[in-house]
Amino acid sequence: MQRFTRNDAGELIPVAPAVGAAAQADSVDGNLITRLLEEVARQIQFSEDAAFYVSGPTGNILFITSGYQSIAGAPPENGRVTSDVFNFIRNNGESYVRDEVIQSNGRARFVRSFHYPLFDYSNTLLGIVGHYVESAGSAVEATNTVQQTSRLQDQLRASSDLFWELDANGKLTALSDRATDILGKPAALFMGMGLDAIGRFINRDGADAPIPAGLSKHQPFRNAIFLMQAENSPPFFMHMSAVPFFEPANGRFLGHRGVGVNVTERFQAEDRAAKAHRELELAREALINRNAQLEIERGRTEKALRAKTEFLATMSHELRTPLNAILGFSETMTMKLFGGLNDQYAGYAEDILKSGRHLLSLINAMLDTAQIDGNEVSPNPKEIDIDELIDQSVSIVQLRARAKNIDLRNAVIQSGCRVKADPLLTTQILVNLFSNAVKFTEPGGSIGVEITAGRHIGFPMAAITVWDTGIGVPPEMQNQIFEKFVRGNNARAYDDIGQGIGLGLHVSKRLAELMHGSIRLQSVPGHGSRFTLELPLATTPREG
């Protein structure tokens, strides 16, 4: 065997490498060689005639025993580990076992060699240790053994991420080099230790679990969760499975052989899914609670709306009775049916009549709004001639239009269109649109109607546009004009009868929507407005 000496620090170092040229070519300092030999000395017990070598991280052989040549033959001429062994270990970081036939003195010798990588704690390759053992058997048996060993190793690597072996006392006798990557320490360091040296069994929730019963009962076990984790490194979760093996001759229990399958990513995905599910359940519970609260609030709101509608209906009835008397007597006074009045009293009578009419319009508008908001308006749609409803509506505002010298000739139309709508509600909308047109059109202006047929969201619709040449609606007001109690900035100045409170367009829009229609506005200040009422189209002149 190669002899050693100690340096000034008392560390064990070789006197000189057996393969001098190769060893000197490897740029490895004495400390590295010392660490290599110390690792070998801790892990391998060898005699004077044992055959093994130690190489550096580049593959140059640094050390061989005296028994090397008697079993493995002469050292390689280039002083390096064979390329197939070195490349496999460098690329895979795993041990390499090879059976080969060596010709010596005219006869074939069958040798099995074991080559182990050595890593430091940072997982850097320090070198390779090779051990040669002569085996008996024929060349065919040796070849079959090589093939079978290679096949088993490939199957293990393909089917699992970790493989291991325990003796009858539960101590590790084999551990694949994948453990080195996970634990950050060479797998060889754990030989002779229990499984608890490389990790611990846990439950799915992460709590410690007892070791599988199969280990103590000499039985197989499958998919036990095993946690492996190096210091300051992420955890690795393994599904550990194993089977016992026994002495063929007498059935004596020898230990367990097992594999580990890395299920870390699967567990992480399951945990993410479970977290998302919990969040969804919490959101669902919050939504159910919120819906329950909204349902309670909706019930309260509906109750309040019904109470408001009932109150307004009652009040409107109670107010209309004396108000009708006020309107009747004041109108009689203004008409002087029972005798003349002086000018002062006649003026008072006009004021009373005007105020009474304004009060009646307020009551009617408030009642209409309350009924619509309380969903108490139920349209009764029929096929109606829209031209007739336009004529009726124009006749209602005709006197006021004439008083202002407004041209209504373009409001007389014969389109022949029939719409499917409630006649009373449609008339109410049209009267409101014509009343607004008269109210906000200067004397001498014009009011007209246009009717076109088209489609809206795939349904045939009639578009009835009431246009005027009045003052128009400012752009900043056009999106608000259909809201409650919204009036133009100078609407009061044009309210010749004093009945406007900003509810007419709101009521009209809601009524149109109840009949599956709509109202839209186009307006240019100073050049008039175009209010378009859309209602479902029944027939056109060309259809009937």
# chains A, B, ... in the order shown; residues from 1 in each chain; ligands from 1
>>> residues_around(residues="Asp387 (chain A)", least_positions_apart="6", cutoff="9 Å", atoms="only C-alpha atoms", output="PyMOL selection string")
chain A and resi 412-418
>>> residues_around(residues="Ile481 (chain A)", least_positions_apart="5", cutoff="10 Å", atoms="only C-alpha atoms", output="VMD selection string")
chain A and resid 473 to 474 476 486 to 488 502 to 506 521
>>> select_by_dssp(residues="region 105-239 of chain A", states="helix (DSSP H, G or I)", output="PyMOL selection string")
chain A and resi 139-159+178-183+187-190+195-197+213-217
>>> write_last_selection(atoms="C-alpha atoms", output="mmCIF file, in the first residue's frame")
data_model
loop_
_atom_site.group_PDB
_atom_site.id
_atom_site.type_symbol
_atom_site.label_atom_id
_atom_site.label_comp_id
_atom_site.auth_asym_id
_atom_site.auth_seq_id
_atom_site.Cartn_x
_atom_site.Cartn_y
_atom_site.Cartn_z
ATOM 1 C CA ALA A 139 -17.467 -14.887 -19.259
ATOM 2 C CA VAL A 140 -21.117 -15.469 -20.123
ATOM 3 C CA GLU A 141 -22.119 -15.135 -16.482
ATOM 4 C CA ALA A 142 -20.014 -12.013 -16.150
ATOM 5 C CA THR A 143 -21.608 -10.494 -19.223
ATOM 6 C CA ASN A 144 -25.087 -11.384 -18.005
ATOM 7 C CA THR A 145 -24.288 -9.890 -14.627
ATOM 8 C CA VAL A 146 -23.126 -6.670 -16.243
ATOM 9 C CA GLN A 147 -26.254 -6.443 -18.351
ATOM 10 C CA GLN A 148 -28.544 -7.288 -15.465
ATOM 11 C CA THR A 149 -26.865 -4.768 -13.171
ATOM 12 C CA SER A 150 -27.045 -2.070 -15.817
ATOM 13 C CA ARG A 151 -30.671 -2.905 -16.498
ATOM 14 C CA LEU A 152 -31.630 -2.755 -12.843
ATOM 15 C CA GLN A 153 -29.815 0.536 -12.345
ATOM 16 C CA ASP A 154 -31.537 2.069 -15.355
ATOM 17 C CA GLN A 155 -34.928 0.838 -14.157
ATOM 18 C CA LEU A 156 -34.323 2.248 -10.693
ATOM 19 C CA ARG A 157 -33.309 5.642 -12.073
ATOM 20 C CA ALA A 158 -36.287 5.702 -14.450
ATOM 21 C CA SER A 159 -38.910 4.633 -11.904
ATOM 22 C CA ARG A 178 -29.618 11.623 -5.431
ATOM 23 C CA ALA A 179 -29.578 11.996 -1.652
ATOM 24 C CA THR A 180 -26.396 14.046 -2.057
ATOM 25 C CA ASP A 181 -28.240 16.631 -4.156
ATOM 26 C CA ILE A 182 -31.079 16.845 -1.636
ATOM 27 C CA LEU A 183 -29.124 16.833 1.627
ATOM 28 C CA ALA A 187 -24.576 9.802 0.329
ATOM 29 C CA ALA A 188 -21.688 7.600 1.527
ATOM 30 C CA LEU A 189 -21.583 9.538 4.804
ATOM 31 C CA PHE A 190 -24.934 8.071 5.844
ATOM 32 C CA LEU A 195 -33.428 6.449 7.862
ATOM 33 C CA ASP A 196 -33.921 9.134 10.494
ATOM 34 C CA ALA A 197 -30.455 10.420 9.589
ATOM 35 C CA ALA A 213 -45.366 -0.735 10.399
ATOM 36 C CA GLY A 214 -43.832 -2.747 7.569
ATOM 37 C CA LEU A 215 -40.327 -1.834 8.730
ATOM 38 C CA SER A 216 -40.775 -3.448 12.127
ATOM 39 C CA LYS A 217 -42.968 -6.314 10.913
#
>>> select_by_dssp(residues="region 121-331 of chain A", states="strand (DSSP E or B)", output="number ranges by chain")
A: 125-135, 162-167, 172-175, 200-202, 208, 221-228, 236-246, 253-262
>>> write_last_selection(atoms="C-alpha atoms", output="compact mmCIF listing (two decimals), in the first residue's frame")
# COMPACT_ATOMS: atom_id res chain seq x y z
CA LEU A 125 -16.76 16.96 -6.82
CA LEU A 126 -13.54 16.30 -4.87
CA GLY A 127 -12.58 13.13 -6.66
CA ILE A 128 -13.39 9.48 -7.31
CA VAL A 129 -12.61 6.35 -5.30
CA GLY A 130 -12.39 3.03 -7.18
CA HIS A 131 -12.46 -0.45 -5.63
CA TYR A 132 -11.80 -3.69 -7.54
CA VAL A 133 -12.92 -7.16 -6.48
CA GLU A 134 -12.15 -10.39 -8.33
CA SER A 135 -15.22 -12.57 -8.91
CA LEU A 162 -34.16 7.76 -4.70
CA PHE A 163 -33.28 4.18 -3.84
CA TRP A 164 -31.91 2.76 -0.60
CA GLU A 165 -31.30 -0.41 1.33
CA LEU A 166 -31.45 -1.23 5.04
CA ASP A 167 -29.91 -4.20 6.82
CA LEU A 172 -28.41 2.02 5.64
CA THR A 173 -26.25 -0.22 3.49
CA ALA A 174 -26.99 1.56 0.20
CA LEU A 175 -28.23 5.02 -0.75
CA ARG A 200 -38.40 11.85 8.87
CA PHE A 201 -41.82 10.31 8.19
CA ILE A 202 -44.72 12.80 8.34
CA ASP A 208 -44.54 13.79 12.52
CA PHE A 221 -45.17 -0.75 2.65
CA ARG A 222 -46.04 1.84 0.04
CA ASN A 223 -46.26 5.62 -0.33
CA ALA A 224 -45.27 6.62 3.19
CA ILE A 225 -44.58 10.36 3.19
CA PHE A 226 -40.94 11.11 3.98
CA LEU A 227 -39.52 14.62 4.40
CA MET A 228 -35.90 15.30 3.42
CA PHE A 236 -38.36 17.54 -0.52
CA PHE A 237 -41.35 15.25 -0.04
CA MET A 238 -40.91 11.61 -1.01
CA HIS A 239 -43.35 8.74 -1.32
CA MET A 240 -41.28 5.95 0.19
CA SER A 241 -42.03 2.31 -0.67
CA ALA A 242 -40.06 -0.80 0.25
CA VAL A 243 -40.10 -4.59 0.29
CA PRO A 244 -38.26 -6.95 2.67
CA PHE A 245 -35.63 -9.39 1.39
CA PHE A 246 -34.53 -12.67 2.97
CA PHE A 253 -34.64 -11.58 7.30
CA LEU A 254 -31.86 -9.48 5.81
CA GLY A 255 -33.45 -6.01 5.54
CA HIS A 256 -35.51 -3.79 3.27
CA ARG A 257 -34.92 -2.43 -0.19
CA GLY A 258 -36.87 0.67 -1.14
CA VAL A 259 -37.33 3.61 -3.46
CA GLY A 260 -38.52 7.17 -3.05
CA VAL A 261 -40.57 9.12 -5.58
CA ASN A 262 -40.34 12.91 -5.41
>>> residues_around(residues="Met333 (chain A)", least_positions_apart="6", cutoff="12 Å", atoms="only C-alpha atoms", output="list in words")
Ile326, Leu327, Gly339, Gly340, Leu341, Asn342, Asp343, Tyr345, Ala346, Gly347, Tyr348, Ala349, Glu350, Asp351, Ile352 and Leu353 of chain A
>>> atom_distance(atom1="CA of Phe52 (chain A)", atom2="CA of Ala74 (chain A)")
12.4 Å
>>> closest_residue(among="A:Thr441, A:Ser361, A:Thr369, A:Thr82", to="Arg400 (chain A)", atoms="only C-alpha atoms")
A:Thr441
>>> atom_distance(atom1="CA of Ala51 (chain A)", atom2="CA of Gly93 (chain A)")
22.7 Å
>>> atom_distance(atom1="CA of Gln293 (chain A)", atom2="CA of Leu280 (chain A)")
19.6 Å
